[in-house]
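What follows is model30.cif (mmCIF, C-alpha atoms; chains and numbers go by the auth columns).
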data_coords
#
loop_
_atom_site.group_PDB
_atom_site.id
_atom_site.type_symbol
_atom_site.label_atom_id
_atom_site.label_comp_id
_atom_site.label_asym_id
_atom_site.label_seq_id
_atom_site.Cartn_x
_atom_site.Cartn_y
_atom_site.Cartn_z
_atom_site.B_iso_or_equiv
_atom_site.auth_seq_id
_atom_site.auth_asym_id
ATOM 1 C CA MET A 1 0.000 0.000 0.000 0.00 263 A
ATOM 2 C CA VAL A 2 1.327 3.483 -0.814 0.00 264 A
ATOM 3 C CA VAL A 3 0.659 6.436 1.490 0.00 265 A
ATOM 4 C CA SER A 4 1.320 10.048 0.458 0.00 266 A
ATOM 5 C CA GLU A 5 2.798 12.387 3.061 0.00 267 A
ATOM 6 C CA VAL A 6 2.827 16.160 2.659 0.00 268 A
ATOM 7 C CA THR A 7 5.541 18.113 4.501 0.00 269 A
ATOM 8 C CA ASP A 8 6.534 21.713 3.769 0.00 270 A
ATOM 9 C CA GLY A 9 4.483 21.685 0.570 0.00 271 A
ATOM 10 C CA GLN A 10 6.391 18.652 -0.739 0.00 272 A
ATOM 11 C CA THR A 11 4.637 15.330 -1.359 0.00 273 A
ATOM 12 C CA SER A 12 6.499 12.097 -0.813 0.00 274 A
ATOM 13 C CA ASN A 13 5.217 8.560 -1.221 0.00 275 A
ATOM 14 C CA MET A 14 5.955 5.898 1.363 0.00 276 A
ATOM 15 C CA ALA A 15 5.339 2.189 0.821 0.00 277 A
ATOM 16 C CA ILE A 16 3.758 0.406 3.777 0.00 278 A
ATOM 17 C CA PRO A 17 3.692 -3.384 3.682 0.00 279 A
ATOM 18 C CA LEU A 18 0.161 -4.718 4.102 0.00 280 A
ATOM 19 C CA GLY A 19 1.212 -6.839 7.069 0.00 281 A
ATOM 20 C CA SER A 20 2.132 -3.751 9.115 0.00 282 A
ATOM 21 C CA ILE A 21 -1.377 -2.294 9.174 0.00 283 A
ATOM 22 C CA ASN A 22 -1.973 -3.951 12.542 0.00 284 A
ATOM 23 C CA THR A 23 -0.943 -0.903 14.579 0.00 285 A
ATOM 24 C CA PHE A 24 -4.436 0.595 14.982 0.00 286 A
ATOM 25 C CA ASN A 25 -5.991 0.494 18.422 0.00 287 A
ATOM 26 C CA LEU A 26 -9.553 0.565 19.743 0.00 288 A
ATOM 27 C CA PRO A 27 -10.054 4.355 19.745 0.00 289 A
ATOM 28 C CA ASP A 28 -9.069 4.490 16.059 0.00 290 A
ATOM 29 C CA PHE A 29 -11.909 2.102 15.274 0.00 291 A
ATOM 30 C CA LEU A 30 -14.449 3.102 17.924 0.00 292 A
ATOM 31 C CA TRP A 31 -16.879 4.385 15.281 0.00 293 A
ATOM 32 C CA LEU A 32 -16.597 1.039 13.485 0.00 294 A
ATOM 33 C CA TRP A 33 -17.318 -0.957 16.640 0.00 295 A
ATOM 34 C CA ARG A 34 -20.364 1.228 17.328 0.00 296 A
ATOM 35 C CA ILE A 35 -21.701 0.405 13.867 0.00 297 A
ATOM 36 C CA ALA A 36 -21.091 -3.289 14.567 0.00 298 A
ATOM 37 C CA ALA A 37 -22.824 -3.159 17.962 0.00 299 A
ATOM 38 C CA TRP A 38 -25.874 -1.336 16.615 0.00 300 A
ATOM 39 C CA SER A 39 -26.034 -3.590 13.546 0.00 301 A
ATOM 40 C CA MET A 40 -25.888 -6.728 15.686 0.00 302 A
ATOM 41 C CA GLY A 41 -28.586 -5.413 18.006 0.00 303 A
ATOM 42 C CA LEU A 42 -30.784 -4.512 15.045 0.00 304 A
ATOM 43 C CA THR A 43 -30.070 -7.915 13.486 0.00 305 A
ATOM 44 C CA LEU A 44 -31.281 -9.731 16.594 0.00 306 A
ATOM 45 C CA THR A 45 -34.352 -7.466 16.817 0.00 307 A
ATOM 46 C CA THR A 46 -35.117 -8.027 13.132 0.00 308 A
ATOM 47 C CA CYS A 47 -34.766 -11.795 13.584 0.00 309 A
ATOM 48 C CA SER A 48 -37.239 -11.638 16.467 0.00 310 A
ATOM 49 C CA PHE A 49 -39.775 -9.756 14.345 0.00 311 A
ATOM 50 C CA LEU A 50 -39.187 -12.161 11.456 0.00 312 A
ATOM 51 C CA ALA A 51 -39.835 -15.123 13.753 0.00 313 A
ATOM 52 C CA ALA A 52 -43.031 -13.516 15.066 0.00 314 A
ATOM 53 C CA THR A 53 -44.429 -12.577 11.652 0.00 315 A
ATOM 54 C CA GLY A 54 -43.395 -15.933 10.201 0.00 316 A
ATOM 55 C CA TRP A 55 -45.125 -17.770 13.044 0.00 317 A
ATOM 56 C CA VAL A 56 -48.358 -15.786 12.500 0.00 318 A
ATOM 57 C CA LEU A 57 -48.227 -16.417 8.747 0.00 319 A
ATOM 58 C CA ARG A 58 -47.646 -20.137 9.230 0.00 320 A
ATOM 59 C CA ARG A 59 -50.455 -20.493 11.792 0.00 321 A
ATOM 60 C CA SER A 60 -52.923 -18.629 9.583 0.00 322 A
ATOM 61 C CA ARG A 61 -51.919 -20.645 6.509 0.00 323 A
ATOM 62 C CA LEU A 62 -52.322 -23.969 8.335 0.00 324 A
ATOM 63 C CA ALA A 63 -55.694 -22.884 9.757 0.00 325 A
ATOM 64 C CA THR A 64 -57.110 -22.277 6.260 0.00 326 A
ATOM 65 C CA ASP A 65 -59.282 -25.054 4.840 0.00 327 A
ATOM 66 C CA ASP A 66 -58.999 -23.907 1.233 0.00 328 A
ATOM 67 C CA PRO A 67 -55.453 -23.195 0.013 0.00 329 A
ATOM 68 C CA ASP A 68 -56.813 -21.653 -3.215 0.00 330 A
ATOM 69 C CA ARG A 69 -58.739 -18.966 -1.325 0.00 331 A
ATOM 70 C CA PRO A 70 -57.136 -15.514 -1.670 0.00 332 A
ATOM 71 C CA MET A 71 -55.178 -14.124 1.258 0.00 333 A
ATOM 72 C CA PRO A 72 -57.090 -11.814 3.607 0.00 334 A
ATOM 73 C CA PRO A 73 -55.743 -8.231 3.669 0.00 335 A
ATOM 74 C CA TRP A 74 -54.260 -8.523 7.175 0.00 336 A
ATOM 75 C CA ARG A 75 -52.311 -11.620 6.159 0.00 337 A
ATOM 76 C CA LEU A 76 -51.091 -9.922 2.987 0.00 338 A
ATOM 77 C CA SER A 77 -49.790 -7.023 5.071 0.00 339 A
ATOM 78 C CA PHE A 78 -48.022 -9.454 7.449 0.00 340 A
ATOM 79 C CA ARG A 79 -46.449 -11.150 4.432 0.00 341 A
ATOM 80 C CA ARG A 80 -45.200 -7.835 3.050 0.00 342 A
ATOM 81 C CA SER A 81 -43.790 -6.918 6.458 0.00 343 A
ATOM 82 C CA HIS A 82 -42.072 -10.299 6.672 0.00 344 A
ATOM 83 C CA LEU A 83 -40.506 -9.846 3.231 0.00 345 A
ATOM 84 C CA LEU A 84 -39.403 -6.282 4.031 0.00 346 A
ATOM 85 C CA LEU A 85 -37.844 -7.395 7.328 0.00 347 A
ATOM 86 C CA GLY A 86 -36.048 -10.191 5.472 0.00 348 A
ATOM 87 C CA GLY A 87 -34.517 -7.611 3.127 0.00 349 A
ATOM 88 C CA VAL A 88 -33.465 -5.509 6.114 0.00 350 A
ATOM 89 C CA LEU A 89 -31.831 -8.591 7.661 0.00 351 A
ATOM 90 C CA VAL A 90 -29.827 -9.231 4.484 0.00 352 A
ATOM 91 C CA LEU A 91 -28.561 -5.625 4.498 0.00 353 A
ATOM 92 C CA LEU A 92 -27.683 -5.707 8.214 0.00 354 A
ATOM 93 C CA VAL A 93 -25.724 -8.937 7.809 0.00 355 A
ATOM 94 C CA LEU A 94 -23.806 -7.451 4.875 0.00 356 A
ATOM 95 C CA VAL A 95 -22.992 -4.381 7.002 0.00 357 A
ATOM 96 C CA LEU A 96 -21.736 -6.687 9.766 0.00 358 A
ATOM 97 C CA LEU A 97 -19.626 -8.631 7.275 0.00 359 A
ATOM 98 C CA THR A 98 -18.061 -5.421 5.950 0.00 360 A
ATOM 99 C CA VAL A 99 -17.406 -4.012 9.430 0.00 361 A
ATOM 100 C CA GLY A 100 -15.890 -7.309 10.541 0.00 362 A
ATOM 101 C CA ILE A 101 -13.537 -7.526 7.595 0.00 363 A
ATOM 102 C CA VAL A 102 -12.446 -3.868 7.777 0.00 364 A
ATOM 103 C CA GLY A 103 -12.033 -3.938 11.560 0.00 365 A
ATOM 104 C CA THR A 104 -10.139 -7.214 11.630 0.00 366 A
ATOM 105 C CA LEU A 105 -7.782 -6.215 8.823 0.00 367 A
ATOM 106 C CA GLY A 106 -7.260 -2.827 10.443 0.00 368 A
ATOM 107 C CA HIS A 107 -6.476 -4.267 13.863 0.00 369 A
ATOM 108 C CA PHE A 108 -4.725 -7.549 13.084 0.00 370 A
ATOM 109 C CA GLY A 109 -3.639 -7.077 9.463 0.00 371 A
ATOM 110 C CA ARG A 110 -5.148 -10.439 8.481 0.00 372 A
ATOM 111 C CA LEU A 111 -8.329 -12.486 8.743 0.00 373 A
ATOM 112 C CA GLY A 112 -8.879 -15.815 10.420 0.00 374 A
ATOM 113 C CA HIS A 113 -7.451 -15.169 13.879 0.00 375 A
ATOM 114 C CA SER A 114 -10.544 -16.642 15.570 0.00 376 A
ATOM 115 C CA PRO A 115 -13.576 -18.879 14.887 0.00 377 A
ATOM 116 C CA HIS A 116 -15.668 -15.699 14.650 0.00 378 A
ATOM 117 C CA LEU A 117 -14.828 -15.475 10.942 0.00 379 A
ATOM 118 C CA TRP A 118 -16.363 -18.897 10.290 0.00 380 A
ATOM 119 C CA ALA A 119 -19.345 -18.138 12.524 0.00 381 A
ATOM 120 C CA GLY A 120 -19.938 -14.875 10.653 0.00 382 A
ATOM 121 C CA LEU A 121 -19.568 -16.473 7.233 0.00 383 A
ATOM 122 C CA SER A 122 -22.023 -19.189 8.244 0.00 384 A
ATOM 123 C CA VAL A 123 -24.563 -16.506 9.230 0.00 385 A
ATOM 124 C CA VAL A 124 -24.021 -14.686 5.925 0.00 386 A
ATOM 125 C CA GLY A 125 -24.472 -17.933 3.972 0.00 387 A
ATOM 126 C CA LEU A 126 -27.572 -18.989 5.897 0.00 388 A
ATOM 127 C CA VAL A 127 -29.189 -15.557 5.555 0.00 389 A
ATOM 128 C CA GLY A 128 -28.515 -15.703 1.814 0.00 390 A
ATOM 129 C CA LEU A 129 -29.969 -19.217 1.569 0.00 391 A
ATOM 130 C CA SER A 130 -32.990 -18.182 3.627 0.00 392 A
ATOM 131 C CA ALA A 131 -33.634 -15.155 1.398 0.00 393 A
ATOM 132 C CA TRP A 132 -33.236 -17.236 -1.753 0.00 394 A
ATOM 133 C CA SER A 133 -35.520 -20.008 -0.490 0.00 395 A
ATOM 134 C CA ALA A 134 -38.102 -17.386 0.566 0.00 396 A
ATOM 135 C CA SER A 135 -38.138 -16.090 -3.006 0.00 397 A
ATOM 136 C CA ARG A 136 -38.898 -19.627 -4.245 0.00 398 A
ATOM 137 C CA ILE A 137 -41.894 -20.319 -1.937 0.00 399 A
ATOM 138 C CA ALA A 138 -44.974 -21.155 -4.003 0.00 400 A
ATOM 139 C CA ILE A 139 -47.693 -23.811 -4.090 0.00 401 A
ATOM 140 C CA GLU A 140 -45.877 -25.626 -6.900 0.00 402 A
ATOM 141 C CA ARG A 141 -42.588 -25.648 -4.904 0.00 403 A
ATOM 142 C CA PRO A 142 -43.368 -27.143 -1.474 0.00 404 A
ATOM 143 C CA TRP A 143 -39.688 -27.869 -0.870 0.00 405 A
ATOM 144 C CA ALA A 144 -38.913 -24.122 -0.704 0.00 406 A
ATOM 145 C CA ARG A 145 -40.987 -23.474 2.431 0.00 407 A
ATOM 146 C CA SER A 146 -39.453 -26.488 4.166 0.00 408 A
ATOM 147 C CA LEU A 147 -35.939 -25.368 3.170 0.00 409 A
ATOM 148 C CA HIS A 148 -36.702 -21.842 4.397 0.00 410 A
ATOM 149 C CA LEU A 149 -37.828 -23.099 7.819 0.00 411 A
ATOM 150 C CA ARG A 150 -34.895 -25.497 8.219 0.00 412 A
ATOM 151 C CA THR A 151 -32.445 -22.802 7.160 0.00 413 A
ATOM 152 C CA ASN A 152 -33.894 -20.411 9.720 0.00 414 A
ATOM 153 C CA ALA A 153 -33.559 -23.037 12.461 0.00 415 A
ATOM 154 C CA ALA A 154 -29.884 -23.422 11.521 0.00 416 A
ATOM 155 C CA LEU A 155 -29.584 -19.629 11.433 0.00 417 A
ATOM 156 C CA VAL A 156 -30.649 -19.413 15.082 0.00 418 A
ATOM 157 C CA LEU A 157 -27.800 -21.767 16.013 0.00 419 A
ATOM 158 C CA ALA A 158 -25.340 -19.836 13.835 0.00 420 A
ATOM 159 C CA LEU A 159 -26.388 -16.557 15.469 0.00 421 A
ATOM 160 C CA LEU A 160 -25.733 -18.073 18.898 0.00 422 A
ATOM 161 C CA TRP A 161 -22.297 -19.156 17.672 0.00 423 A
ATOM 162 C CA VAL A 162 -21.522 -15.705 16.254 0.00 424 A
ATOM 163 C CA LEU A 163 -22.651 -14.053 19.504 0.00 425 A
ATOM 164 C CA GLN A 164 -20.416 -16.300 21.592 0.00 426 A
ATOM 165 C CA SER A 165 -17.382 -16.010 19.333 0.00 427 A
ATOM 166 C CA GLY A 166 -17.950 -12.260 18.904 0.00 428 A
ATOM 167 C CA TRP A 167 -17.917 -11.776 22.659 0.00 429 A
ATOM 168 C CA VAL A 168 -14.508 -13.484 22.777 0.00 430 A
ATOM 169 C CA VAL A 169 -13.236 -11.186 19.992 0.00 431 A
ATOM 170 C CA VAL A 170 -14.521 -8.053 21.739 0.00 432 A
ATOM 171 C CA GLN A 171 -12.564 -9.033 24.854 0.00 433 A
ATOM 172 C CA LYS A 172 -9.345 -8.902 22.794 0.00 434 A
ATOM 173 C CA TYR A 173 -9.943 -5.221 22.014 0.00 435 A
ATOM 174 C CA LEU A 174 -10.720 -4.148 25.562 0.00 436 A
ATOM 175 C CA PRO A 175 -7.880 -3.049 27.851 0.00 437 A
#
Show me, as structure tokens, the structure contained in the file I just sent.
Amino acid sequence: MVVSEVTDGQTSNMAIPLGSINTFNLPDFLWLWRIAAWSMGLTLTTCSFLAATGWVLRRSRLATDDPDRPMPPWRLSFRRSHLLLGGVLVLLVLVLLTVGIVGTLGHFGRLGHSPHLWAGLSVVGLVGLSAWSASRIAIERPWARSLHLRTNAALVLALLWVLQSGWVVVQKYLP
């Protein structure tokens, strides 16, 4: 990486090896950790709302005698909310992925120093699979709903893993 330094009106370029970017400390990245903390909190809140709206949608669908009957307006609005929250979850997880990569490279100079990377990547993959399977749900594709529910069950476990491993990582940054 090349960094430009300006002294006395003169510009000089200095080469910094990528491996030496591990000199940043917590205050340098405090804004980044705040984004991560808020994003994780919002992710867990969004997952809770997704579970609640999904549970209501499932119960109302199973209580219907005629699957060909059109959706009542309240159920349609729950479905839209569920889909919107799912999109929000995808964005939050991508923010967390970005913050994690930038923060880890900035602090350690490399990735993979803890299991938190694998926990985070598993959450990203499961959220992507859940969103994709949700887009496939239809009467003619019964496997998609089942895949969506199983993926979300695995996502709960992955979120517990990422919370536990993230707590261990946070302890490394604290004095």
Please enclose the listed atoms of segment 387-398 of chain A in an axis-aligned box, pad each side by 3 Å, and write out the centre and the three edge lengths in Å, rounded to one decimal, as lines of an AutoDock Vina configuration file.
center_x = -31.7
center_y = -17.6
center_z = 0.8
size_x = 20.4
size_y = 10.9
size_z = 16.1
Worksheet entry | Of the listed residues A:Phe340, A:Arg403, A:Ile297, A:Phe311, that which approaches Leu359 of chain A most closely, counting only C-alpha atoms |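 So, comparing all the options, the nearest one is A:Ile297.
Residue nearest Arg296 of chain A within the list A:Leu358, A:Glu402, A:Trp394, A:Val350: A:Leu358 [criterion: smallest interatomic distance, all atoms listed in the file].
With distances restricted to all atoms listed in the file, A:Ala298 is the closest residue to Thr360 of chain A from A:Leu422, A:Ala298, A:Gly316, A:Val431.
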Discussion item. Given all atoms listed in the file as the basis, pick out the residue of A:Leu409, A:Val352, A:Leu367, A:Val318 nearest to Gly387 of chain A.
Written reply: A:Val352
Item to complete: Could you check how far atom CA of Leu347 of chain A sits from atom CA of Thr308 of chain A, in Å to one decimal?
Response: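 If I compute the distance from atom CA of Leu347 of chain A to atom CA of Thr308 of chain A, I get 6.4 Å.
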Worksheet item: Near Leu345 of chain A, counting all atoms listed in the file, which residues have an atom at most 9 Å away, once you skip same-chain residues fewer than 6 positions from it, shown as a list in words?
Response: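 Near neighbours after the sequence-gap exclusion: Leu312, Ala393 and Ala396 of chain A.
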Worksheet item: Taking the file as shown, what set of residues would the PyMOL selection byres ((chain A and resi 373-379) around 10) give back, as a list in words?
Response: Leu359, Gly362, Ile363, Val364, Gly365, Thr366, Leu367, Gly368, His369, Phe370, Gly371, Arg372, Trp380, Ala381, Gly382, Leu383, Ser384, Val385, Trp423, Val424, Leu425, Gln426, Ser427, Gly428, Trp429, Val430 and Val431 of chain A
Worksheet item: Between A:Ile399, A:Gly390, A:Lys434, A:Thr307, which has the minimum distance to Val355 of chain A (counting all atoms listed in the file)?
Response: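 Using all atoms listed in the file, the shortest distance to Val355 of chain A belongs to A:Gly390.
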Worksheet item: Pick the closest to Trp317 of chain A from A:Leu294, A:Leu346, A:Val432, A:Arg341: which is it, counting all atoms listed in the file?
Response: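 Comparing A:Leu294, A:Leu346, A:Val432, A:Arg341 against Trp317 of chain A, the winner is A:Arg341.
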Fill in: Separation of atom CA of Met302 of chain A from atom CA of Leu319 of chain A in Å
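So the answer is 25.3 Å.
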Practice prompt. In Å, rounded to a single decimal, give me how far atom CA of Ala325 of chain A is from atom CA of Ala313 of chain A.
Written response: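 Answer for the atom CA of Ala313 of chain A to atom CA of Ala325 of chain A separation: 18.1 Å.
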